[in-house]
$ cat protein-v4.cif   # mmCIF, C-alpha atoms
data_data
loop_
_atom_site.group_PDB
_atom_site.id
_atom_site.type_symbol
_atom_site.label_atom_id
_atom_site.label_comp_id
_atom_site.auth_asym_id
_atom_site.auth_seq_id
_atom_site.Cartn_x
_atom_site.Cartn_y
_atom_site.Cartn_z
ATOM 1 C CA MET A 1 60.364 -6.625 6.720
ATOM 2 C CA TYR A 2 57.942 -4.190 5.167
ATOM 3 C CA GLN A 3 56.523 -6.804 2.809
ATOM 4 C CA THR A 4 55.798 -9.065 5.772
ATOM 5 C CA LEU A 5 54.102 -6.166 7.534
ATOM 6 C CA ARG A 6 52.038 -5.450 4.418
ATOM 7 C CA PHE A 7 51.110 -9.133 4.162
ATOM 8 C CA PHE A 8 49.971 -9.285 7.781
ATOM 9 C CA THR A 9 47.937 -6.087 7.566
ATOM 10 C CA ARG A 10 46.155 -7.148 4.372
ATOM 11 C CA SER A 11 45.545 -10.799 5.161
ATOM 12 C CA ASN A 12 43.949 -10.589 8.607
ATOM 13 C CA ASN A 13 41.005 -8.593 9.827
ATOM 14 C CA PHE A 14 41.857 -7.916 13.451
ATOM 15 C CA LYS A 15 40.062 -4.701 14.252
ATOM 16 C CA ASP A 16 39.092 -6.182 17.620
ATOM 17 C CA LEU A 17 42.770 -6.636 18.577
ATOM 18 C CA GLU A 18 43.939 -3.102 17.765
ATOM 19 C CA GLN A 19 42.781 -1.608 21.071
ATOM 20 C CA ILE A 20 44.099 -4.456 23.256
ATOM 21 C CA SER A 21 47.541 -4.531 24.849
ATOM 22 C CA ILE A 22 50.211 -6.956 23.676
ATOM 23 C CA ASP A 23 50.085 -8.954 26.908
ATOM 24 C CA GLU A 24 46.348 -9.475 26.482
ATOM 25 C CA ILE A 25 46.866 -10.632 22.887
ATOM 26 C CA VAL A 26 49.500 -13.092 24.135
ATOM 27 C CA ARG A 27 46.979 -14.373 26.671
ATOM 28 C CA ARG A 28 44.435 -14.870 23.876
ATOM 29 C CA PHE A 29 47.063 -16.685 21.817
ATOM 30 C CA LYS A 30 47.787 -19.052 24.697
ATOM 31 C CA ASN A 31 44.107 -19.786 25.336
ATOM 32 C CA ALA A 32 43.124 -20.232 21.678
ATOM 33 C CA LYS A 33 42.852 -23.679 20.157
ATOM 34 C CA ASP A 34 41.964 -22.547 16.642
ATOM 35 C CA ASN A 35 44.931 -21.911 14.327
ATOM 36 C CA ASN A 36 43.152 -18.981 12.657
ATOM 37 C CA VAL A 37 42.829 -17.160 15.980
ATOM 38 C CA ARG A 38 46.442 -17.939 16.834
ATOM 39 C CA GLY A 39 47.599 -16.632 13.443
ATOM 40 C CA LYS A 40 45.534 -13.502 13.899
ATOM 41 C CA CYS A 41 47.111 -12.913 17.306
ATOM 42 C CA MET A 42 50.597 -13.512 15.957
ATOM 43 C CA SER A 43 50.129 -11.065 13.108
ATOM 44 C CA ALA A 44 48.669 -8.447 15.454
ATOM 45 C CA ILE A 45 51.683 -8.764 17.759
ATOM 46 C CA TYR A 46 54.068 -8.503 14.801
ATOM 47 C CA ILE A 47 52.376 -5.309 13.660
ATOM 48 C CA LYS A 48 52.446 -3.799 17.155
ATOM 49 C CA LEU A 49 56.111 -4.738 17.672
ATOM 50 C CA PHE A 50 57.211 -3.705 14.186
ATOM 51 C CA PRO A 51 58.909 -0.416 15.216
ATOM 52 C CA MET A 52 60.966 -2.322 17.788
ATOM 53 C CA ILE A 53 61.843 -5.012 15.226
ATOM 54 C CA ILE A 54 63.049 -2.354 12.785
ATOM 55 C CA LYS A 55 65.192 -0.787 15.504
ATOM 56 C CA ILE A 56 66.811 -4.116 16.388
ATOM 57 C CA GLN A 57 67.452 -5.256 12.811
ATOM 58 C CA ARG A 58 69.255 -2.035 11.882
ATOM 59 C CA SER A 59 72.143 -2.968 14.148
ATOM 60 C CA PHE A 60 72.818 -6.109 12.047
ATOM 61 C CA PRO A 61 73.582 -4.789 8.538
ATOM 62 C CA THR A 62 75.506 -7.871 7.412
ATOM 63 C CA LEU A 63 72.431 -10.112 7.519
ATOM 64 C CA THR A 64 70.172 -10.319 4.509
ATOM 65 C CA MET A 65 66.578 -9.201 4.743
ATOM 66 C CA GLU A 66 65.390 -12.788 4.312
ATOM 67 C CA GLN A 67 67.473 -13.900 7.282
ATOM 68 C CA LYS A 68 66.077 -11.066 9.392
ATOM 69 C CA VAL A 69 62.446 -11.792 8.524
ATOM 70 C CA ASP A 70 62.929 -15.515 9.048
ATOM 71 C CA ALA A 71 64.559 -14.880 12.419
ATOM 72 C CA CYS A 72 61.801 -12.476 13.503
ATOM 73 C CA LEU A 73 58.987 -14.860 12.674
ATOM 74 C CA LEU A 74 60.781 -17.839 14.181
ATOM 75 C CA VAL A 75 61.552 -16.019 17.422
ATOM 76 C CA LEU A 76 58.044 -14.548 17.611
ATOM 77 C CA GLN A 77 56.385 -17.927 17.233
ATOM 78 C CA SER A 78 58.688 -19.694 19.684
ATOM 79 C CA ASN A 79 58.342 -16.872 22.213
ATOM 80 C CA LEU A 80 54.559 -16.958 21.981
ATOM 81 C CA GLU A 81 54.595 -20.658 22.721
ATOM 82 C CA ARG A 82 57.203 -20.543 25.509
ATOM 83 C CA TYR A 83 56.252 -17.334 27.302
ATOM 84 C CA LYS A 84 54.688 -17.855 30.713
ATOM 85 C CA ILE A 85 51.789 -15.519 31.353
ATOM 86 C CA GLY A 86 52.384 -15.085 35.074
ATOM 87 C CA ASP A 87 56.043 -14.164 34.501
ATOM 88 C CA LYS A 88 57.524 -10.951 35.900
ATOM 89 C CA THR A 89 58.768 -9.734 32.520
ATOM 90 C CA LYS A 90 56.550 -8.279 29.854
ATOM 91 C CA PHE A 91 56.308 -10.038 26.531
ATOM 92 C CA THR A 92 57.939 -7.133 24.713
ATOM 93 C CA SER A 93 61.055 -7.343 26.907
ATOM 94 C CA TYR A 94 61.150 -11.104 26.522
ATOM 95 C CA PHE A 95 60.858 -10.836 22.739
ATOM 96 C CA TYR A 96 63.404 -7.994 22.488
ATOM 97 C CA GLY A 97 66.118 -9.930 24.298
ATOM 98 C CA ASN A 98 65.503 -13.186 22.472
ATOM 99 C CA LEU A 99 65.397 -11.544 19.040
ATOM 100 C CA GLN A 100 68.607 -9.659 19.644
ATOM 101 C CA ARG A 101 70.384 -12.807 20.851
ATOM 102 C CA PHE A 102 69.095 -14.765 17.872
ATOM 103 C CA PHE A 103 70.394 -12.114 15.461
ATOM 104 C CA ILE A 104 73.795 -12.285 17.173
ATOM 105 C CA THR A 105 73.779 -16.075 16.800
ATOM 106 C CA VAL A 106 72.897 -15.903 13.107
ATOM 107 C CA GLN A 107 75.535 -13.240 12.521
ATOM 108 C CA ASN A 108 78.209 -15.276 14.308
ATOM 109 C CA LYS A 109 77.355 -18.337 12.243
ATOM 110 C CA GLU A 110 77.888 -16.261 9.110
ATOM 111 C CA LYS A 111 81.282 -15.041 10.331
ATOM 112 C CA CYS A 112 82.542 -18.415 11.560
ATOM 113 C CA HIS A 113 85.120 -19.770 9.141
ATOM 114 C CA LYS A 114 86.694 -22.367 11.400
ATOM 115 C CA ARG A 115 84.222 -25.088 10.521
ATOM 116 C CA SER A 116 83.880 -24.136 6.859
ATOM 117 C CA VAL A 117 87.227 -25.779 6.085
ATOM 118 C CA TRP A 118 85.801 -29.164 6.966
ATOM 119 C CA GLN A 119 82.815 -28.647 4.706
ATOM 120 C CA HIS A 120 84.991 -28.339 1.587
ATOM 121 C CA MET A 121 87.451 -31.099 2.341
ATOM 122 C CA VAL A 122 87.955 -33.635 -0.439
ATOM 123 C CA GLU A 123 88.845 -37.229 0.298
ATOM 124 C CA PRO A 124 91.719 -38.487 -1.902
ATOM 125 C CA LYS A 125 90.470 -41.271 -4.146
ATOM 126 C CA ASP A 126 93.875 -42.691 -4.882
ATOM 127 C CA VAL A 127 95.124 -45.128 -2.218
ATOM 128 C CA LYS A 128 98.770 -44.218 -2.858
ATOM 129 C CA THR A 129 98.075 -40.516 -2.295
ATOM 130 C CA LYS A 130 96.189 -41.245 0.873
ATOM 131 C CA ASP A 131 98.980 -43.440 2.260
ATOM 132 C CA TYR A 132 101.574 -40.867 1.249
ATOM 133 C CA LEU A 133 99.731 -38.091 3.117
ATOM 134 C CA PHE A 134 99.423 -40.210 6.239
ATOM 135 C CA ASP A 135 103.117 -41.160 6.073
ATOM 136 C CA ILE A 136 104.149 -37.516 5.770
ATOM 137 C CA ASN A 137 101.991 -36.614 8.749
ATOM 138 C CA LYS A 138 103.483 -39.433 10.849
ATOM 139 C CA SER A 139 107.060 -38.564 9.926
ATOM 140 C CA THR A 140 106.698 -34.843 10.691
ATOM 141 C CA THR A 141 105.042 -35.297 14.057
ATOM 142 C CA ASN A 142 107.879 -37.471 15.426
ATOM 143 C CA LYS A 143 110.645 -34.935 14.660
ATOM 144 C CA PRO A 144 111.437 -31.940 16.862
ATOM 145 C CA ALA A 145 110.020 -28.587 15.778
ATOM 146 C CA GLU A 146 113.419 -27.044 14.900
ATOM 147 C CA SER A 147 114.297 -29.727 12.370
ATOM 148 C CA ARG A 148 111.046 -29.201 10.452
ATOM 149 C CA LEU A 149 111.657 -25.549 9.664
ATOM 150 C CA PHE A 150 113.392 -25.941 6.293
ATOM 151 C CA GLN A 151 112.354 -29.410 5.189
ATOM 152 C CA THR A 152 111.683 -30.093 1.568
#

$ encode --input "protein-v4.cif" --output "structure tokens"
Amino acid sequence: MYQTLRFFTRSNNFKDLEQISIDEIVRRFKNAKDNNVRGKCMSAIYIKLFPMIIKIQRSFPTLTMEQKVDACLLVLQSNLERYKIGDKTKFTSYFYGNLQRFFITVQNKEKCHKRSVWQHMVEPKDVKTKDYLFDINKSTTNKPAESRLFQT
């Protein structure tokens, strides 16, 4: 987080954007066609929202710092492109909610072990073993549950 902040402060000269509000910088981002201007606006918004980003990321200690930085930059860029200027919400509120939800999504994906079983499944290469496993499965599903308790 802090290395990204240091990178943004050193790489861009945006003295003209320091005195402008975040909503005005978002408006400039939307109107700009040049990628350098858009990058300058994005870095200025990141620097202005950095205290809020730090506050949000502290509530997700299980995520690595790389995941947090990646999520912040991804959400910031997508929010800058999708935010509607005439909307009732401010950009900071829009970004806060989306970043928090994205962190929750990333954290839930890390905790989810239901699908990880299927990732490590090995297909039996022997045809006899494969047929044997299918035959066992067919024979156990046809019997009542009580008779399967102590089968060998």

$ atom_distance --input "protein-v4.cif" --atom1 "atom CA of Thr92 of chain A" --atom2 "atom CA of Leu74 of chain A"
15.3 Å

$ residues_around --input "protein-v4.cif" --residues "Val75 of chain A" --least-positions-apart "4" --cutoff "8 Å" --atoms "only C-alpha atoms" --output "list of chain:residue names"
A:Ala71, A:Asn79, A:Phe95, A:Asn98, A:Leu99, A:Phe102

$ residues_around --input "protein-v4.cif" --residues "Arg27 of chain A" --least-positions-apart "5" --cutoff "9 Å" --atoms "all atoms listed in the file" --output "number ranges by chain"
A: 22, 32, 85

$ residues_near_point --input "protein-v4.cif" --point "(72.9, -5.0, 13.4)" --cutoff "10 Å" --atoms "all atoms listed in the file" --output "list of chain:residue names"
A:Lys55, A:Ile56, A:Gln57, A:Arg58, A:Ser59, A:Phe60, A:Pro61, A:Thr62, A:Leu63, A:Lys68, A:Gln100, A:Phe103, A:Ile104, A:Gln107

$ resolve_selection --input "protein-v4.cif" --expression "the PyMOL selection byres ((chain A and resi 41) around 12)" --output "JSON, numbers by chain"
{"A": [8, 9, 12, 13, 14, 15, 16, 17, 18, 20, 21, 22, 23, 24, 25, 26, 27, 28, 29, 30, 31, 32, 33, 34, 35, 36, 37, 38, 39, 40, 42, 43, 44, 45, 46, 47, 48, 76, 77, 80]}

$ residues_around --input "protein-v4.cif" --residues "Val69 of chain A" --least-positions-apart "4" --cutoff "9 Å" --atoms "only C-alpha atoms" --output "ChimeraX atom specification"
/A:1,4,64-65,73-74

$ atom_distance --input "protein-v4.cif" --atom1 "atom CA of Met52 of chain A" --atom2 "atom CA of Ser93 of chain A"
10.4 Å

$ build_atoms --input "protein-v4.cif" --residues "segment 73-96 of chain A" --atoms "N, CA and C atoms" --output "PDB file, in the coordinates of the input"
ATOM      1  N   LEU A  73      60.177 -14.006  12.594  1.00  0.00           N
ATOM      2  CA  LEU A  73      58.987 -14.860  12.674  1.00  0.00           C
ATOM      3  C   LEU A  73      59.244 -16.108  13.505  1.00  0.00           C
ATOM      4  N   LEU A  74      60.434 -16.664  13.389  1.00  0.00           N
ATOM      5  CA  LEU A  74      60.781 -17.839  14.181  1.00  0.00           C
ATOM      6  C   LEU A  74      60.817 -17.520  15.665  1.00  0.00           C
ATOM      7  N   VAL A  75      61.459 -16.412  16.014  1.00  0.00           N
ATOM      8  CA  VAL A  75      61.552 -16.019  17.422  1.00  0.00           C
ATOM      9  C   VAL A  75      60.178 -15.632  17.963  1.00  0.00           C
ATOM     10  N   LEU A  76      59.382 -14.938  17.159  1.00  0.00           N
ATOM     11  CA  LEU A  76      58.044 -14.548  17.611  1.00  0.00           C
ATOM     12  C   LEU A  76      57.191 -15.774  17.903  1.00  0.00           C
ATOM     13  N   GLN A  77      57.197 -16.738  17.014  1.00  0.00           N
ATOM     14  CA  GLN A  77      56.385 -17.927  17.233  1.00  0.00           C
ATOM     15  C   GLN A  77      56.872 -18.729  18.438  1.00  0.00           C
ATOM     16  N   SER A  78      58.180 -18.918  18.548  1.00  0.00           N
ATOM     17  CA  SER A  78      58.688 -19.694  19.684  1.00  0.00           C
ATOM     18  C   SER A  78      58.469 -18.961  21.005  1.00  0.00           C
ATOM     19  N   ASN A  79      58.584 -17.631  20.987  1.00  0.00           N
ATOM     20  CA  ASN A  79      58.342 -16.872  22.213  1.00  0.00           C
ATOM     21  C   ASN A  79      56.881 -16.904  22.625  1.00  0.00           C
ATOM     22  N   LEU A  80      55.979 -16.867  21.648  1.00  0.00           N
ATOM     23  CA  LEU A  80      54.559 -16.958  21.981  1.00  0.00           C
ATOM     24  C   LEU A  80      54.220 -18.302  22.611  1.00  0.00           C
ATOM     25  N   GLU A  81      54.881 -19.340  22.169  1.00  0.00           N
ATOM     26  CA  GLU A  81      54.595 -20.658  22.721  1.00  0.00           C
ATOM     27  C   GLU A  81      55.275 -20.888  24.065  1.00  0.00           C
ATOM     28  N   ARG A  82      56.434 -20.291  24.285  1.00  0.00           N
ATOM     29  CA  ARG A  82      57.203 -20.543  25.509  1.00  0.00           C
ATOM     30  C   ARG A  82      56.979 -19.526  26.613  1.00  0.00           C
ATOM     31  N   TYR A  83      56.421 -18.386  26.303  1.00  0.00           N
ATOM     32  CA  TYR A  83      56.252 -17.334  27.302  1.00  0.00           C
ATOM     33  C   TYR A  83      55.237 -17.767  28.357  1.00  0.00           C
ATOM     34  N   LYS A  84      55.592 -17.536  29.611  1.00  0.00           N
ATOM     35  CA  LYS A  84      54.688 -17.855  30.713  1.00  0.00           C
ATOM     36  C   LYS A  84      53.930 -16.584  31.088  1.00  0.00           C
ATOM     37  N   ILE A  85      52.636 -16.697  31.148  1.00  0.00           N
ATOM     38  CA  ILE A  85      51.789 -15.519  31.353  1.00  0.00           C
ATOM     39  C   ILE A  85      52.008 -14.886  32.718  1.00  0.00           C
ATOM     40  N   GLY A  86      52.205 -15.638  33.741  1.00  0.00           N
ATOM     41  CA  GLY A  86      52.384 -15.085  35.074  1.00  0.00           C
ATOM     42  C   GLY A  86      53.807 -14.618  35.350  1.00  0.00           C
ATOM     43  N   ASP A  87      54.642 -14.530  34.332  1.00  0.00           N
ATOM     44  CA  ASP A  87      56.043 -14.164  34.501  1.00  0.00           C
ATOM     45  C   ASP A  87      56.176 -12.684  34.854  1.00  0.00           C
ATOM     46  N   LYS A  88      57.303 -12.332  35.490  1.00  0.00           N
ATOM     47  CA  LYS A  88      57.524 -10.951  35.900  1.00  0.00           C
ATOM     48  C   LYS A  88      57.836 -10.031  34.721  1.00  0.00           C
ATOM     49  N   THR A  89      58.417 -10.569  33.668  1.00  0.00           N
ATOM     50  CA  THR A  89      58.768  -9.734  32.520  1.00  0.00           C
ATOM     51  C   THR A  89      57.592  -9.596  31.564  1.00  0.00           C
ATOM     52  N   LYS A  90      57.559  -8.474  30.884  1.00  0.00           N
ATOM     53  CA  LYS A  90      56.550  -8.279  29.854  1.00  0.00           C
ATOM     54  C   LYS A  90      56.981  -9.038  28.605  1.00  0.00           C
ATOM     55  N   PHE A  91      56.009  -9.297  27.757  1.00  0.00           N
ATOM     56  CA  PHE A  91      56.308 -10.038  26.531  1.00  0.00           C
ATOM     57  C   PHE A  91      57.240  -9.250  25.625  1.00  0.00           C
ATOM     58  N   THR A  92      57.082  -7.940  25.582  1.00  0.00           N
ATOM     59  CA  THR A  92      57.939  -7.133  24.713  1.00  0.00           C
ATOM     60  C   THR A  92      59.406  -7.228  25.135  1.00  0.00           C
ATOM     61  N   SER A  93      59.680  -7.206  26.422  1.00  0.00           N
ATOM     62  CA  SER A  93      61.055  -7.343  26.907  1.00  0.00           C
ATOM     63  C   SER A  93      61.599  -8.733  26.603  1.00  0.00           C
ATOM     64  N   TYR A  94      60.773  -9.719  26.798  1.00  0.00           N
ATOM     65  CA  TYR A  94      61.150 -11.104  26.522  1.00  0.00           C
ATOM     66  C   TYR A  94      61.494 -11.276  25.041  1.00  0.00           C
ATOM     67  N   PHE A  95      60.650 -10.736  24.181  1.00  0.00           N
ATOM     68  CA  PHE A  95      60.858 -10.836  22.739  1.00  0.00           C
ATOM     69  C   PHE A  95      62.083 -10.036  22.301  1.00  0.00           C
ATOM     70  N   TYR A  96      62.267  -8.857  22.849  1.00  0.00           N
ATOM     71  CA  TYR A  96      63.404  -7.994  22.488  1.00  0.00           C
ATOM     72  C   TYR A  96      64.729  -8.706  22.758  1.00  0.00           C
TER      73      TYR A  96
END
